[in-house]
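**Student:** target.cif is reproduced in full below (mmCIF, C-alpha atoms and all ligand atoms).
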```cif
data_data
#
loop_
_atom_site.label_atom_id
_atom_site.label_comp_id
_atom_site.auth_asym_id
_atom_site.auth_seq_id
_atom_site.Cartn_x
_atom_site.Cartn_y
_atom_site.Cartn_z
CA MET D 25 216.97 209.09 -23.77
CA ASN D 26 216.67 212.25 -25.82
CA GLU D 27 220.10 213.06 -27.32
CA ARG D 28 219.45 216.78 -27.62
CA GLU D 29 218.38 217.00 -23.99
CA LEU D 30 221.49 215.07 -23.04
CA GLU D 31 223.69 217.53 -24.93
CA PHE D 32 222.03 220.47 -23.15
CA ALA D 33 222.45 218.83 -19.75
CA ALA D 34 226.09 218.08 -20.54
CA ALA D 35 226.65 221.70 -21.54
CA ALA D 36 225.12 222.91 -18.26
CA ILE D 37 227.54 220.68 -16.33
CA ARG D 38 230.50 221.68 -18.49
CA ASP D 39 229.81 225.40 -18.10
CA ALA D 40 229.05 225.33 -14.37
CA ASP D 41 231.57 226.80 -11.93
CA SER D 42 230.72 224.23 -9.30
CA VAL D 43 229.08 220.84 -9.80
CA ALA D 44 227.76 218.58 -7.04
CA ALA D 45 226.50 215.03 -7.39
CA LEU D 46 224.37 212.84 -5.16
CA THR D 47 224.06 209.10 -5.59
CA GLY D 48 221.58 206.63 -4.15
CA ALA D 49 220.82 202.93 -4.15
CA GLY D 50 220.15 202.83 -7.91
CA VAL D 51 223.87 203.25 -8.55
CA SER D 52 224.73 200.27 -6.32
CA THR D 53 221.99 197.89 -7.49
CA ALA D 54 223.63 197.87 -10.92
CA SER D 55 226.65 196.29 -9.19
CA GLY D 56 224.43 193.58 -7.74
CA ILE D 57 224.00 195.09 -4.30
CA PRO D 58 220.43 194.60 -3.11
CA ASP D 59 218.32 197.66 -2.50
CA PHE D 60 217.05 198.20 1.02
CA ARG D 61 213.77 199.93 0.45
CA SER D 62 212.30 198.55 -2.75
CA GLU D 63 209.42 196.11 -2.53
CA ASP D 64 211.60 193.00 -2.55
CA GLY D 65 214.48 194.88 -0.94
CA LEU D 66 216.43 193.81 2.11
CA TRP D 67 213.97 195.22 4.60
CA SER D 68 211.34 192.83 3.37
CA GLU D 69 213.68 190.04 4.47
CA TYR D 70 215.21 191.57 7.59
CA ASP D 71 213.56 193.35 10.47
CA PRO D 72 214.83 196.95 10.61
CA ASN D 73 214.37 196.84 14.41
CA ASP D 74 217.19 194.31 14.60
CA PHE D 75 219.52 196.98 13.24
CA HIS D 76 218.28 199.82 15.37
CA VAL D 77 220.80 201.55 17.62
CA ARG D 78 218.64 200.51 20.62
CA ARG D 79 219.25 196.85 19.73
CA PHE D 80 222.98 197.52 19.35
CA ARG D 81 223.07 198.98 22.87
CA ALA D 82 220.78 196.40 24.50
CA ASP D 83 222.02 193.26 22.76
CA PRO D 84 225.35 193.86 20.99
CA GLU D 85 225.98 190.13 20.67
CA GLY D 86 222.73 189.43 18.80
CA PHE D 87 223.14 192.63 16.82
CA TRP D 88 226.60 191.60 15.56
CA ARG D 89 225.45 188.10 14.63
CA ASP D 90 222.59 189.53 12.54
CA ARG D 91 224.88 192.18 11.13
CA LEU D 92 227.25 189.48 9.91
CA THR D 93 224.40 187.72 8.09
CA LEU D 94 223.32 191.00 6.54
CA ALA D 95 226.87 191.85 5.47
CA GLU D 96 227.24 188.44 3.84
CA ASP D 97 224.03 189.12 1.90
CA LEU D 98 225.20 192.57 0.90
CA PHE D 99 228.84 191.96 0.07
CA GLY D 100 228.92 188.15 -0.06
CA ASP D 101 230.01 188.04 -3.65
CA ALA D 102 232.82 190.32 -4.64
CA VAL D 103 231.24 193.47 -6.02
CA ASP D 104 232.81 195.82 -8.51
CA PRO D 105 232.03 199.39 -9.48
CA ASN D 106 229.89 199.72 -12.61
CA PRO D 107 230.01 202.24 -15.49
CA ALA D 108 227.97 204.79 -13.48
CA HIS D 109 230.57 204.81 -10.66
CA GLU D 110 233.34 205.00 -13.25
CA ALA D 111 231.71 207.86 -15.16
CA LEU D 112 231.42 209.94 -11.97
CA ALA D 113 235.07 209.30 -11.10
CA GLU D 114 236.04 210.34 -14.62
CA LEU D 115 233.95 213.53 -14.38
CA GLU D 116 235.73 214.36 -11.14
CA SER D 117 239.25 213.70 -12.40
CA ALA D 118 238.51 215.85 -15.46
CA GLY D 119 237.70 218.74 -13.13
CA HIS D 120 233.95 218.83 -13.79
CA LEU D 121 232.73 217.47 -10.46
CA ASP D 122 233.56 219.33 -7.25
CA GLY D 123 232.14 216.85 -4.79
CA LEU D 124 230.22 213.61 -4.61
CA ILE D 125 227.65 212.93 -1.91
CA THR D 126 226.48 209.34 -1.53
CA GLN D 127 223.74 207.60 0.42
CA ASN D 128 225.44 204.27 -0.30
CA VAL D 129 227.64 202.54 2.25
CA ASP D 130 229.43 200.07 -0.03
CA GLY D 131 232.58 202.06 -0.82
CA LEU D 132 232.24 201.45 -4.57
CA HIS D 133 232.81 205.11 -5.47
CA GLN D 134 236.29 204.92 -3.93
CA ASP D 135 236.92 201.65 -5.79
CA ALA D 136 236.07 203.46 -9.03
CA GLY D 137 238.53 206.23 -8.21
CA SER D 138 236.38 208.95 -6.62
CA ASP D 139 238.43 210.95 -4.16
CA ASP D 140 236.93 211.30 -0.70
CA PRO D 141 233.19 211.07 -1.41
CA ILE D 142 230.90 212.46 1.28
CA GLU D 143 229.31 209.38 2.83
CA ILE D 144 226.27 210.68 4.67
CA HIS D 145 225.19 207.20 5.79
CA GLY D 146 228.70 206.00 6.65
CA ASN D 147 230.68 203.13 5.16
CA GLY D 148 229.91 199.47 5.82
CA ARG D 149 233.45 198.40 5.04
CA ARG D 150 234.65 200.08 8.21
CA VAL D 151 233.87 199.72 11.89
CA VAL D 152 234.25 202.41 14.50
CA CYS D 153 235.15 202.01 18.16
CA THR D 154 232.41 203.40 20.40
CA GLY D 155 235.09 204.33 22.95
CA CYS D 156 238.19 205.81 21.29
CA LYS D 157 236.42 206.45 17.91
CA ARG D 158 239.23 204.80 15.95
CA ARG D 159 238.16 203.25 12.67
CA PHE D 160 239.17 199.83 11.38
CA GLU D 161 238.61 197.66 8.33
CA ALA D 162 235.36 195.72 8.74
CA ASP D 163 236.45 192.46 7.07
CA PRO D 164 238.80 191.22 9.81
CA VAL D 165 236.17 192.16 12.40
CA PHE D 166 233.48 190.17 10.57
CA GLU D 167 235.97 187.30 10.48
CA ARG D 168 236.29 187.49 14.27
CA VAL D 169 232.48 187.49 14.66
CA ARG D 170 232.33 184.46 12.35
CA ASP D 171 234.86 182.79 14.65
CA GLY D 172 232.62 183.39 17.63
CA GLU D 173 233.77 186.75 19.00
CA ALA D 174 230.47 188.57 19.48
CA PRO D 175 230.35 191.38 20.16
CA PRO D 176 233.80 192.34 18.85
CA THR D 177 235.76 194.87 20.88
CA CYS D 178 238.52 197.40 20.19
CA ASP D 179 242.12 196.13 20.39
CA ASP D 180 243.18 199.45 21.88
CA CYS D 181 240.58 200.35 24.49
CA GLU D 182 238.40 197.22 24.61
CA ASP D 183 235.21 199.17 24.02
CA LEU D 184 232.51 197.87 21.69
CA LEU D 185 233.02 198.11 17.94
CA LYS D 186 230.11 199.33 15.82
CA PRO D 187 229.68 199.20 12.04
CA ASP D 188 230.66 202.65 10.74
CA VAL D 189 227.22 203.19 9.23
CA VAL D 190 224.27 205.23 10.42
CA LEU D 191 221.98 202.80 12.24
CA PHE D 192 218.25 203.34 12.55
CA GLY D 193 217.73 205.78 15.38
CA GLU D 194 221.14 207.41 14.92
CA GLN D 195 221.91 210.93 13.77
CA LEU D 196 223.69 211.43 10.48
CA PRO D 197 227.38 212.31 10.88
CA GLU D 198 227.53 216.07 11.42
CA HIS D 199 230.75 216.66 9.54
CA ALA D 200 229.57 214.78 6.44
CA LEU D 201 226.26 216.60 6.51
CA PHE D 202 228.01 219.95 6.83
CA ARG D 203 230.25 219.17 3.86
CA ALA D 204 227.23 218.04 1.82
CA GLN D 205 225.35 221.24 2.59
CA SER D 206 228.29 223.53 1.75
CA LEU D 207 228.86 221.72 -1.52
CA THR D 208 225.16 222.00 -2.36
CA GLU D 209 224.98 225.70 -1.55
CA SER D 210 227.87 226.56 -3.84
CA ALA D 211 226.74 224.30 -6.72
CA ASP D 212 225.36 225.79 -9.89
CA ALA D 213 224.73 222.38 -11.35
CA PHE D 214 223.48 219.44 -9.30
CA LEU D 215 223.43 215.90 -10.62
CA ALA D 216 221.19 213.43 -8.73
CA VAL D 217 221.73 209.82 -9.75
CA GLY D 218 219.96 206.60 -8.83
CA SER D 219 217.94 208.02 -5.98
CA SER D 220 214.18 208.29 -5.67
CA LEU D 221 214.92 211.43 -3.59
CA THR D 222 212.46 210.46 -0.88
CA VAL D 223 214.75 209.93 2.11
CA GLU D 224 215.66 213.06 4.07
CA PRO D 225 217.96 214.83 4.40
CA ALA D 226 219.51 213.63 1.13
CA ALA D 227 216.35 214.55 -0.74
CA SER D 228 216.52 218.13 0.44
CA LEU D 229 219.99 218.70 -1.05
CA PRO D 230 218.92 218.77 -4.72
CA ARG D 231 215.82 220.74 -3.72
CA VAL D 232 217.96 223.41 -2.04
CA ALA D 233 220.29 223.45 -5.04
CA ALA D 234 217.36 223.97 -7.43
CA GLU D 235 215.87 226.69 -5.22
CA ASN D 236 219.26 228.44 -5.29
CA GLY D 237 219.07 228.47 -9.07
CA ALA D 238 221.32 225.48 -9.81
CA THR D 239 220.56 223.40 -12.87
CA LEU D 240 219.13 220.15 -11.53
CA VAL D 241 219.88 217.06 -13.62
CA ILE D 242 218.26 213.81 -12.49
CA VAL D 243 219.15 210.37 -13.80
CA ASN D 244 216.99 207.62 -12.32
CA LEU D 245 215.02 204.68 -13.67
CA ASP D 246 211.74 205.99 -12.28
CA ARG D 247 210.12 209.32 -11.60
CA THR D 248 211.51 210.96 -8.46
CA GLU D 249 210.03 213.29 -5.87
CA LEU D 250 211.89 216.19 -7.49
CA SER D 251 211.32 215.33 -11.14
CA GLY D 252 208.95 218.30 -11.41
CA GLN D 253 211.71 220.68 -10.33
CA ALA D 254 214.44 219.22 -12.53
CA GLU D 255 215.57 220.97 -15.65
CA TYR D 256 216.63 217.60 -17.05
CA ASP D 257 214.95 214.41 -15.89
CA PHE D 258 216.36 211.29 -17.56
CA ARG D 259 214.35 208.19 -16.60
CA THR D 260 216.73 205.54 -17.70
CA ASP D 261 219.42 203.05 -16.73
CA VAL D 262 222.14 204.94 -14.84
CA THR D 263 224.89 202.65 -16.17
CA LYS D 264 223.99 203.66 -19.73
CA ALA D 265 223.10 207.30 -19.22
CA LEU D 266 225.99 208.41 -16.99
CA PRO D 267 228.79 207.30 -19.34
CA ARG D 268 226.96 209.01 -22.24
CA LEU D 269 226.46 212.19 -20.26
CA VAL D 270 230.07 212.33 -19.09
CA GLU D 271 231.37 211.54 -22.57
CA GLU D 272 229.34 214.50 -23.81
CA VAL D 273 230.63 216.82 -21.04
CA LEU D 274 234.22 215.92 -21.93
CA ALA D 275 233.65 216.09 -25.69
CA GLU D 276 234.48 219.79 -25.91
ZN ZN G 1 238.80 201.87 21.04
#
```
Render the structure in this file as structure tokens.
**Tutor:**
Amino acid sequence: MNERELEFAAAAIRDADSVAALTGAGVSTASGIPDFRSEDGLWSEYDPNDFHVRRFRADPEGFWRDRLTLAEDLFGDAVDPNPAHEALAELESAGHLDGLITQNVDGLHQDAGSDDPIEIHGNGRRVVCTGCKRRFEADPVFERVRDGEAPPTCDDCEDLLKPDVVLFGEQLPEHALFRAQSLTESADAFLAVGSSLTVEPAASLPRVAAENGATLVIVNLDRTELSGQAEYDFRTDVTKALPRLVEEVLAE
């Protein structure tokens, strides 16, 4: 990582009136959470069709049993936020990050101290009732499925519970998307971290920001779809680069 480039990127973030950040799977993998889309990712092991909303509707019992197995793979071992999560929380509490958009569903940004991140793919630690729309902690529900209650239903209205994540075939949550777009449109610096920026609509957020004249800073191990449009493109370990970048932003 080029130190001078890093100082310039930090200055752009420090001097911006509004800063937005977007995080993807690369921020979670550093905490030991398997990636879904990489070559040996989860979807090479699981059939995405089993987690399609059609399956949930047609066979909620089978869906929930498979979902339990998947959740055990994803969150089986206790996972903790890593220095990249912590750096973003620190940037926010120092007043240099106006909003954090995440494609991740693991809740690790909240664990690190981020306040109300915009979760465009939902949050796997919650379930939502398909009837009354109330949300509950997922862990006790998984426990019930483990004990043989499949599919689990709502204590209040007895309708089916669904993981509070965007399933294949489902629309992204409108409110989250709206918040993400507003944040992006007002940003004059946009920090994209740990995402290959290939999955829409998340990928279009940094593109829109850059087209609006925002300084686009990308931190990702590999080249991304938008690397050509980025003013700063750091191809490096996010857990090393983010703490350095944030340290530099807060240095003055
Ligand atoms: Zn309900």
**Student:** Find, counting only C-alpha atoms, the residue in D:Val190, D:Gly131, D:Asn106, D:Arg170 that gets nearest to Val152 in chain D.
**Tutor:** D:Val190
**Student:** Between D:Arg259, D:Arg91, D:His145, D:Lys264, which has the minimum distance to His199 in chain D (counting only C-alpha atoms)?
**Tutor:**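 Closest residue, counting only C-alpha atoms: D:His145.
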**Student:** Find the residues around Ser228 in chain D up to 12 Å (all atoms listed in the file counted), leave out those fewer than 3 positions away in its own chain, and share them as a ChimeraX atom specification.
**Tutor:** /D:46,201,204-205,208-209,216,220-225,231-235,249-250
**Student:** Using all atoms listed in the file for the distances, tell me which of D:Ile37, D:Cys156, D:Ser206, D:Glu271 is nearest to Glu182 in chain D.
**Tutor:**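 Of D:Ile37, D:Cys156, D:Ser206, D:Glu271, the one nearest Glu182 in chain D is D:Cys156, counting all atoms listed in the file.
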**Student:** Considering all atoms listed in the file, state which residue in the set D:Asn73, D:Ser251, D:Thr177, D:Thr263 is at the smallest distance from ligand ZN 1 (chain G).
**Tutor:** D:Thr177
**Student:** Excluding Val217 in chain D and residues on its chain fewer than 5 positions from it, collect all residues at most 9 Å away from it, counting only C-alpha atoms, and give them as a list in words.
**Tutor:**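 In the requested form, the answer reads Ala45, Leu46, Thr47, Gly48, Ala49, Gly50, Val51, Ala108, Val241, Ile242, Val243, Asn244, Val262 and Leu266 of chain D.
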**Student:** So that I can check the surroundings of Phe202 in chain D, please list as a compact mmCIF listing (two decimals) with C-alpha atoms, in the frame of the given file every protein, DNA and RNA residue that reaches within 12 Å of it, counting all atoms listed in the file and ignoring chain neighbours fewer than 5 positions away.
**Tutor:**
```txt
# COMPACT_ATOMS: atom_id res chain seq x y z
CA ILE D 125 227.65 212.93 -1.91
CA ILE D 142 230.90 212.46 1.28
CA GLU D 143 229.31 209.38 2.83
CA ILE D 144 226.27 210.68 4.67
CA LEU D 196 223.69 211.43 10.48
CA PRO D 197 227.38 212.31 10.88
CA LEU D 207 228.86 221.72 -1.52
CA THR D 208 225.16 222.00 -2.36
CA GLU D 209 224.98 225.70 -1.55
CA PRO D 225 217.96 214.83 4.40
CA LEU D 229 219.99 218.70 -1.05
```
**Student:** Pick from D:Leu98, D:Ala254, D:Val151, D:Leu185: nearest to ligand ZN 1 (chain G), with only C-alpha atoms and all ligand atoms counted?
**Tutor:**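 Smallest distance to ligand ZN 1 (chain G) is found for D:Leu185.
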**Student:** Just how far from CA of Met25 in chain D is CA of Asp257 in chain D, in Å to one decimal?
**Tutor:** 9.7 Å
**Student:** Would you list the residues that come within 6 Å of ligand ZN 1 (chain G)? Count all atoms listed in the file and give the answer as a PDB file with C-alpha atoms, in the coordinates of the input.
**Tutor:**
```
ATOM      1  CA  CYS D 153     235.150 202.010  18.160  1.00  0.00           C
ATOM      2  CA  GLY D 155     235.090 204.330  22.950  1.00  0.00           C
ATOM      3  CA  CYS D 156     238.190 205.810  21.290  1.00  0.00           C
ATOM      4  CA  ARG D 158     239.230 204.800  15.950  1.00  0.00           C
ATOM      5  CA  CYS D 178     238.520 197.400  20.190  1.00  0.00           C
ATOM      6  CA  ASP D 180     243.180 199.450  21.880  1.00  0.00           C
ATOM      7  CA  CYS D 181     240.580 200.350  24.490  1.00  0.00           C
ATOM      8  CA  GLU D 182     238.400 197.220  24.610  1.00  0.00           C
ATOM      9  CA  ASP D 183     235.210 199.170  24.020  1.00  0.00           C
TER      10      ASP D 183
END
```
**Student:** Identify the residues around (232.5, 184.0, 9.3) within a radius of 12 Å, measuring from only C-alpha atoms in the coordinates stated by the file, and give them as a list in words.
**Tutor:** Trp88, Arg89, Asp90, Arg91, Leu92, Thr93, Leu94, Ala95, Glu96, Gly100, Asp163, Pro164, Val165, Phe166, Glu167, Arg168, Val169, Arg170, Asp171, Gly172, Glu173 and Ala174 of chain D
**Student:** Just want the 6 Å neighbourhood of Ala44 in chain D, counted on only C-alpha atoms, with same-chain residues fewer than 4 positions away dropped. Output as a list in words.
**Tutor:** Asp122, Gly123, Ala211 and Phe214 of chain D
**Student:** Name the closest residue to Ala118 in chain D among the candidates D:Gly146, D:Ser52, D:Ser138, D:Tyr256; distances are taken between atoms, counting all atoms listed in the file.
**Tutor:** D:Ser138
**Student:** Could you pull the residues within 12 Å of Ala136 in chain D, counting only C-alpha atoms, minus those fewer than 3 positions along the same chain, as a list of chain:residue names?
**Tutor:**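 Here the qualifying residues turn out to be D:Ser55, D:Val103, D:Asp104, D:Pro105, D:Asn106, D:Pro107, D:Ala108, D:His109, D:Glu110, D:Ala111, D:Leu112, D:Ala113, D:Glu114, D:Leu115, D:Glu116, D:Ser117, D:Asp130, D:Gly131, D:Leu132, D:His133, D:Asp139, D:Asp140, D:Pro141.
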**Student:** Listing only residues of range 186-219 of chain D within 12 Å of range 80-85 of chain D, what is the closest atom pair and its distance in Å (to one decimal) for each, using all atoms listed in the file, sorted by chain and residue number ascending, as JSON lines?
**Tutor:**
```
{"residue": "D:Lys186", "atom": "CA", "partner": "D:Phe80", "partner_atom": "CA", "distance": 8.2}
{"residue": "D:Pro187", "atom": "CA", "partner": "D:Phe80", "partner_atom": "CA", "distance": 10.1}
{"residue": "D:Val190", "atom": "CA", "partner": "D:Phe80", "partner_atom": "CA", "distance": 11.9}
{"residue": "D:Leu191", "atom": "CA", "partner": "D:Phe80", "partner_atom": "CA", "distance": 8.9}
{"residue": "D:Phe192", "atom": "CA", "partner": "D:Phe80", "partner_atom": "CA", "distance": 10.1}
{"residue": "D:Gly193", "atom": "CA", "partner": "D:Phe80", "partner_atom": "CA", "distance": 10.6}
{"residue": "D:Glu194", "atom": "CA", "partner": "D:Phe80", "partner_atom": "CA", "distance": 11.0}
```
